[in-house]
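Undergrad: Have a peek at final.cif (mmCIF, C-alpha atoms).
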```
data_target
loop_
_atom_site.group_PDB
_atom_site.id
_atom_site.type_symbol
_atom_site.label_atom_id
_atom_site.label_comp_id
_atom_site.auth_asym_id
_atom_site.auth_seq_id
_atom_site.Cartn_x
_atom_site.Cartn_y
_atom_site.Cartn_z
ATOM 1 C CA MET A 1 48.651 -27.141 -4.895
ATOM 2 C CA GLU A 2 47.873 -23.837 -6.576
ATOM 3 C CA ASN A 3 46.150 -25.568 -9.521
ATOM 4 C CA MET A 4 43.950 -27.539 -7.164
ATOM 5 C CA ASN A 5 42.732 -24.330 -5.462
ATOM 6 C CA ILE A 6 41.951 -22.731 -8.819
ATOM 7 C CA THR A 7 39.887 -25.724 -9.966
ATOM 8 C CA ALA A 8 38.031 -25.789 -6.643
ATOM 9 C CA VAL A 9 37.150 -22.125 -7.017
ATOM 10 C CA GLU A 10 36.088 -22.652 -10.649
ATOM 11 C CA THR A 11 33.810 -25.556 -9.767
ATOM 12 C CA ALA A 12 32.334 -23.620 -6.858
ATOM 13 C CA THR A 13 31.515 -20.654 -9.083
ATOM 14 C CA GLU A 14 30.103 -22.922 -11.788
ATOM 15 C CA THR A 15 27.718 -24.610 -9.356
ATOM 16 C CA THR A 16 26.489 -21.331 -7.904
ATOM 17 C CA THR A 17 25.881 -19.647 -11.264
ATOM 18 C CA THR A 18 24.078 -22.567 -12.901
ATOM 19 C CA SER A 19 21.693 -23.353 -10.060
ATOM 20 C CA ALA A 20 18.002 -22.838 -10.832
ATOM 21 C CA PRO A 21 15.711 -20.748 -8.621
ATOM 22 C CA LYS A 22 14.456 -22.804 -5.713
ATOM 23 C CA HIS A 23 10.857 -21.614 -5.496
ATOM 24 C CA LYS A 24 9.412 -21.143 -8.964
ATOM 25 C CA TRP A 25 5.937 -22.018 -7.665
ATOM 26 C CA LEU A 26 6.067 -19.081 -5.265
ATOM 27 C CA SER A 27 5.886 -16.510 -8.057
ATOM 28 C CA LYS A 28 2.919 -18.324 -9.637
ATOM 29 C CA LEU A 29 1.193 -18.492 -6.269
ATOM 30 C CA THR A 30 1.830 -14.788 -5.692
ATOM 31 C CA ARG A 31 0.325 -13.895 -9.065
ATOM 32 C CA GLY A 32 -2.717 -16.018 -8.271
ATOM 33 C CA ALA A 33 -3.097 -14.357 -4.879
ATOM 34 C CA LYS A 34 -2.869 -10.903 -6.472
ATOM 35 C CA LYS A 35 -5.528 -11.802 -9.028
ATOM 36 C CA ALA A 36 -7.810 -13.248 -6.353
ATOM 37 C CA THR A 37 -7.388 -10.172 -4.164
ATOM 38 C CA MET A 38 -8.148 -7.857 -7.079
ATOM 39 C CA PHE A 39 -11.225 -9.877 -8.016
ATOM 40 C CA ALA A 40 -12.499 -9.888 -4.423
ATOM 41 C CA THR A 41 -11.947 -6.129 -4.129
ATOM 42 C CA VAL A 42 -13.775 -5.356 -7.370
ATOM 43 C CA ALA A 43 -16.626 -7.710 -6.464
ATOM 44 C CA GLY A 44 -16.948 -6.142 -3.007
ATOM 45 C CA VAL A 45 -17.031 -2.599 -4.401
ATOM 46 C CA MET A 46 -19.643 -3.578 -6.979
ATOM 47 C CA ALA A 47 -21.770 -5.330 -4.361
ATOM 48 C CA SER A 48 -21.619 -2.394 -1.953
ATOM 49 C CA THR A 49 -22.524 0.017 -4.763
ATOM 50 C CA CYS A 50 -25.538 -2.075 -5.723
ATOM 51 C CA ALA A 51 -26.604 -2.410 -2.086
ATOM 52 C CA THR A 52 -26.341 1.360 -1.562
ATOM 53 C CA GLN A 53 -28.518 2.026 -4.588
ATOM 54 C CA ALA A 54 -31.035 -0.609 -3.485
ATOM 55 C CA PHE A 55 -31.338 0.865 0.021
ATOM 56 C CA ALA A 56 -31.642 4.393 -1.345
ATOM 57 C CA ALA A 57 -34.370 3.373 -3.792
ATOM 58 C CA GLY A 58 -36.332 1.416 -1.180
ATOM 59 C CA THR A 59 -36.798 4.238 1.341
ATOM 60 C CA GLY A 60 -38.561 6.628 -1.003
ATOM 61 C CA GLU A 61 -37.261 10.022 0.115
ATOM 62 C CA VAL A 62 -33.489 10.294 0.363
ATOM 63 C CA ASP A 63 -31.965 12.874 2.691
ATOM 64 C CA THR A 64 -28.950 13.924 0.650
ATOM 65 C CA SER A 65 -27.499 16.408 3.142
ATOM 66 C CA SER A 66 -27.101 13.848 5.922
ATOM 67 C CA PHE A 67 -25.725 11.335 3.433
ATOM 68 C CA ILE A 68 -23.140 13.827 2.183
ATOM 69 C CA THR A 69 -22.174 14.783 5.736
ATOM 70 C CA THR A 70 -21.795 11.145 6.756
ATOM 71 C CA ALA A 71 -19.865 10.265 3.603
ATOM 72 C CA CYS A 72 -17.470 13.184 4.110
ATOM 73 C CA THR A 73 -16.926 12.231 7.746
ATOM 74 C CA VAL A 74 -16.125 8.663 6.736
ATOM 75 C CA LEU A 75 -13.863 9.875 3.916
ATOM 76 C CA LYS A 76 -11.974 12.166 6.270
ATOM 77 C CA SER A 77 -11.553 9.359 8.806
ATOM 78 C CA VAL A 78 -10.306 6.867 6.227
ATOM 79 C CA ILE A 79 -7.805 9.310 4.710
ATOM 80 C CA CYS A 80 -6.537 10.284 8.167
ATOM 81 C CA LEU A 81 -6.120 6.623 9.142
ATOM 82 C CA ILE A 82 -4.207 5.837 5.950
ATOM 83 C CA GLY A 83 -2.039 8.920 6.474
ATOM 84 C CA GLY A 84 -1.371 7.923 10.073
ATOM 85 C CA GLY A 85 -0.376 4.417 9.004
ATOM 86 C CA VAL A 86 1.995 5.705 6.335
ATOM 87 C CA SER A 87 3.464 8.196 8.813
ATOM 88 C CA LEU A 88 3.996 5.505 11.418
ATOM 89 C CA TRP A 89 5.661 3.283 8.842
ATOM 90 C CA GLY A 90 7.877 6.213 7.876
ATOM 91 C CA VAL A 91 8.889 6.841 11.490
ATOM 92 C CA VAL A 92 9.830 3.168 11.868
ATOM 93 C CA ASN A 93 11.946 3.305 8.685
ATOM 94 C CA LEU A 94 13.514 6.576 9.810
ATOM 95 C CA LEU A 95 14.492 5.157 13.193
ATOM 96 C CA GLU A 96 15.780 1.991 11.549
ATOM 97 C CA GLY A 97 17.895 4.118 9.212
ATOM 98 C CA TYR A 98 19.373 6.077 12.084
ATOM 99 C CA GLY A 99 19.982 2.888 14.079
ATOM 100 C CA ASN A 100 21.809 1.086 11.285
ATOM 101 C CA ASP A 101 23.344 4.262 9.809
ATOM 102 C CA ASN A 102 21.571 3.506 6.531
ATOM 103 C CA PRO A 103 20.994 6.652 4.440
ATOM 104 C CA GLY A 104 18.590 4.835 2.108
ATOM 105 C CA ALA A 105 16.276 3.852 4.942
ATOM 106 C CA LYS A 106 16.477 7.373 6.390
ATOM 107 C CA SER A 107 15.489 8.880 3.058
ATOM 108 C CA GLN A 108 12.646 6.411 2.553
ATOM 109 C CA GLY A 109 11.407 6.970 6.091
ATOM 110 C CA MET A 110 11.399 10.743 5.685
ATOM 111 C CA LYS A 111 9.488 10.442 2.396
ATOM 112 C CA GLN A 112 6.877 8.173 3.982
ATOM 113 C CA LEU A 113 6.547 10.434 7.012
ATOM 114 C CA MET A 114 5.983 13.508 4.856
ATOM 115 C CA ALA A 115 3.557 11.660 2.587
ATOM 116 C CA GLY A 116 1.509 10.518 5.586
ATOM 117 C CA LEU A 117 1.422 14.002 7.065
ATOM 118 C CA GLY A 118 0.415 15.338 3.650
ATOM 119 C CA LEU A 119 -2.492 12.894 3.510
ATOM 120 C CA ILE A 120 -3.690 13.960 6.944
ATOM 121 C CA LEU A 121 -3.426 17.619 5.943
ATOM 122 C CA LEU A 122 -5.297 16.861 2.731
ATOM 123 C CA ALA A 123 -8.118 15.212 4.674
ATOM 124 C CA VAL A 124 -8.399 18.066 7.154
ATOM 125 C CA ILE A 125 -8.375 20.837 4.536
ATOM 126 C CA LEU A 126 -9.813 19.401 1.321
ATOM 127 C CA VAL A 127 -12.670 17.187 2.521
ATOM 128 C CA PRO A 128 -14.617 20.032 4.217
ATOM 129 C CA VAL A 129 -14.261 22.085 1.024
ATOM 130 C CA LEU A 130 -15.647 19.167 -0.999
ATOM 131 C CA GLU A 131 -18.478 18.767 1.523
ATOM 132 C CA SER A 132 -19.490 22.414 1.189
ATOM 133 C CA MET A 133 -19.330 22.151 -2.608
ATOM 134 C CA MET A 134 -21.535 19.053 -2.650
ATOM 135 C CA THR A 135 -24.111 20.410 -0.215
ATOM 136 C CA GLY A 136 -24.194 23.674 -2.187
ATOM 137 C CA ALA A 137 -24.856 21.774 -5.417
ATOM 138 C CA VAL A 138 -27.848 19.897 -3.968
#
```
Kindly present the structure from the file in structure tokens form.

TA:
Amino acid sequence: MENMNITAVETATETTTTSAPKHKWLSKLTRGAKKATMFATVAGVMASTCATQAFAAGTGEVDTSSFITTACTVLKSVICLIGGGVSLWGVVNLLEGYGNDNPGAKSQGMKQLMAGLGLILLAVILVPVLESMMTGAV
């Protein structure tokens, strides 16, 4: 009886260790999706850069001060939104860590919360300084 249990355990461990991964195609598909996303991002940035230069060249006189002000406002908004998203994600991880008594999730949540708040602080303090530097240089 004891030998039969040992052989059953041995065969069970042999079948679990020798099994191949189920979804090999998933990793190939993920790599393809990453490459396609990177290509689309680079193409979009290049197209928007070319369009910006074409619009600036077509109007004749370019008002640089209003462009710099608008660009800094957009930059501040984008950085604040990213910081808010990271902070919110950190709060969710922090609450999940406290709920499940998981110190790893608590630590990760606190890091994300602080990083998000740091981004918001960076946008509020640094972007106006950059704006004044750029308008002073023009």

Undergrad: How many Å separate CA of Leu75 in chain A from CA of Ser48 in chain A?

TA: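 Separation between CA of Leu75 in chain A and CA of Ser48 in chain A: 15.7 Å.
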
Undergrad: Go ahead and compute the interatomic distance for CA of Ile82 in chain A and CA of Val42 in chain A, in Å to one decimal.

TA: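 Taking CA of Ile82 in chain A and CA of Val42 in chain A, their separation equals 19.9 Å.
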
Undergrad: Figure out the distance between CA of Trp89 in chain A and CA of Asn102 in chain A, please, to one decimal in Å.

TA: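 Pair CA of Asn102 in chain A / CA of Trp89 in chain A returns 16.1 Å.
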
Undergrad: Range 95-97 of chain A: which residues within 10 Å, counting all atoms listed in the file, same-chain residues fewer than 3 positions away excluded, as a list in words?

TA: Gly90, Val91, Val92, Asn100, Asp101, Asn102, Pro103, Gly104, Ala105, Lys106, Ser107, Gln108, Gly109 and Met110 of chain A

Undergrad: Taking the file above as input, evaluate the PyMOL selection byres ((chain A and resi 112-116) around 6) and report the hits as JSON, numbers by chain.

TA: {"A": [83, 84, 86, 87, 90, 109, 110, 111, 117, 118, 119]}
